[in-house]
Amino acid sequence: MKFFVDTAVIDDIRELNDYGLLDGVTTNPSLIAKSGRNFIEVISEICALVDGPVSAEVASMDYASMIKEGDYLATLADNVVIKLPLTLDGLKACRYFSQKGIKTNVTLCFSANQALLAAKAGATYISPFLGRLDDLNLDGMELIREIRAIYDNYGFATEILAASVRTANHVKEAAIAGADVATIPPGVIKGLANHVLTDKGLEQFAKDWASTGQTIL
Ligand code: E4P
């Protein structure tokens with residue numbers, strides 16, 4: 001499963017990229033607002049930093065304006081992915097970009113039928129929002145399983161991008177359910193490396209090694 005980081009904070013992206021943990025980046029208007037940065041500048045910087053797809057979301061809701069915004073965003077870098085909302089206009093825009101060979105990420109997906117429409121529109125990625133479904137006491141992971149089954153039934157190439165990931169357990173369950181990608185907040189990605197027994201084991205090894213009085217170099 002590929003890992004995208006879900007943030008517009010350059011320092012966090014750089015740190016994870018340096019660990020070799022990043023396959024791409026997703027942003028959305030809320031994350032851009034949180035960064036306090038200019039949208040175009042921050043997307044251009046992320047694209048230069050990361051050797052992988054970077055999702056930049058259109059702000060308009062009507063087809064004609066989405067096309068204009070997306071066409072402009074696509075000029076920023078070769079690795080820009082145009083993020084479009086799962087609406088009828090967004091699906092029409094998805095078809096337009098897909099026919100032009102520009103990658104798309106159809107976002108705010110909350111049902112298997114929405115995901116089916118996105119695949120038929122030629123989406124590169126579909127983003128089902130796990131956490132926001134869980135927030136409503138619905139089963140976000142079941143949605144991933146349904147989409148996986150439908151895409152496999154018909155051989156759709158659209159990649160399932162598990163989004164609204166909030167916990168390490170979401171990452172594991174999405175991998176088991178067959179998501180192609182997970183977009184994950186920086187803290188959750190780093191937390192995946194943690195285990196209390198790893199810490200405990202290391203502490204003991206360090207003590208025992210010191211007791212030998214040896215050095216390797
Ligand atoms: C990613 O593309 C989404 O915008 C993001 O994962 C949403 O996460 P949230 O529901 O935690 O805001």
# chains A, B, ... in the order shown; residues from 1 in each chain; ligands from 1

$ closest_atom_pairs --of "range 145-184 of chain A" --to "range 44-61 of chain A" --cutoff "12 Å" --atoms "only C-alpha atoms" --output "JSON lines"
{"residue": "A:Leu161", "atom": "CA", "partner": "A:Ser55", "partner_atom": "CA", "distance": 11.5}
{"residue": "A:Val181", "atom": "CA", "partner": "A:Pro53", "partner_atom": "CA", "distance": 11.5}
{"residue": "A:Thr183", "atom": "CA", "partner": "A:Ser55", "partner_atom": "CA", "distance": 10.6}

$ write_last_selection --atoms "all heavy atoms" --output "compact mmCIF listing (two decimals), in the first residue's frame"
# COMPACT_ATOMS: atom_id res chain seq x y z
N LEU A 161 -8.02 5.25 -2.57
CA LEU A 161 -7.16 6.06 -1.72
C LEU A 161 -7.91 6.28 -0.39
O LEU A 161 -8.78 7.15 -0.30
CB LEU A 161 -6.89 7.40 -2.43
CG LEU A 161 -5.74 8.29 -2.04
CD1 LEU A 161 -5.66 9.50 -2.95
CD2 LEU A 161 -5.77 8.72 -0.60
N VAL A 181 -3.87 2.90 -1.65
CA VAL A 181 -3.15 4.00 -1.04
C VAL A 181 -3.87 4.40 0.24
O VAL A 181 -5.09 4.22 0.33
CB VAL A 181 -3.18 5.27 -1.96
CG1 VAL A 181 -2.20 6.32 -1.48
CG2 VAL A 181 -2.97 4.94 -3.42
N THR A 183 -4.02 7.99 2.63
CA THR A 183 -3.46 9.31 2.92
C THR A 183 -3.65 9.56 4.40
O THR A 183 -4.75 9.43 4.94
CB THR A 183 -4.03 10.43 2.03
OG1 THR A 183 -3.26 11.60 2.30
CG2 THR A 183 -5.52 10.70 2.24

$ residues_near_ligand --ligand "ligand 1" --cutoff "6 Å" --atoms "only C-alpha atoms and all ligand atoms" --output "list in words"
Asp6, Thr26, Asn28, Gly131, Arg132, Ala163, Ser164 and Val165 of chain A

$ residues_around --residues "Tyr151 in chain A" --least-positions-apart "2" --cutoff "12 Å" --atoms "only C-alpha atoms" --output "list in words"
Ala112, Asn113, Ala115, Leu116, Leu117, Ala118, Ala119, Lys120, Tyr125, Ile126, Ile144, Arg145, Glu146, Ile147, Arg148, Ala149, Asn153, Tyr154, Gly155, Phe156, Ala157, Thr158, Glu159, Ile160, Gly178, Ala179 and Asp180 of chain A

$ closest_residue --among "A:Asp12, A:Asp23, A:Glu41, A:Asp62" --to "Pro85 in chain A" --atoms "only C-alpha atoms"
A:Asp62

$ select_by_dssp --residues "range 87-139 of chain A" --states "strand (DSSP E or B)" --output "PyMOL selection string"
chain A and resi 104-109+125-129

$ closest_residue --among "A:Ile82, A:Leu16, A:Ala193, A:Val25" --to "Thr124 in chain A" --atoms "only C-alpha atoms"
A:Ile82

$ select_by_dssp --residues "range 1-141 of chain A" --states "helix (DSSP H, G or I)" --output "ChimeraX atom specification"
/A:10-18,29-35,39-49,63-73,88-99,112-120,130-135,140-141

$ atom_distance --atom1 "CA of Lys172 in chain A" --atom2 "CA of Ile184 in chain A"
11.7 Å

$ atom_distance --atom1 "CA of Lys190 in chain A" --atom2 "CA of Ala206 in chain A"
22.7 Å
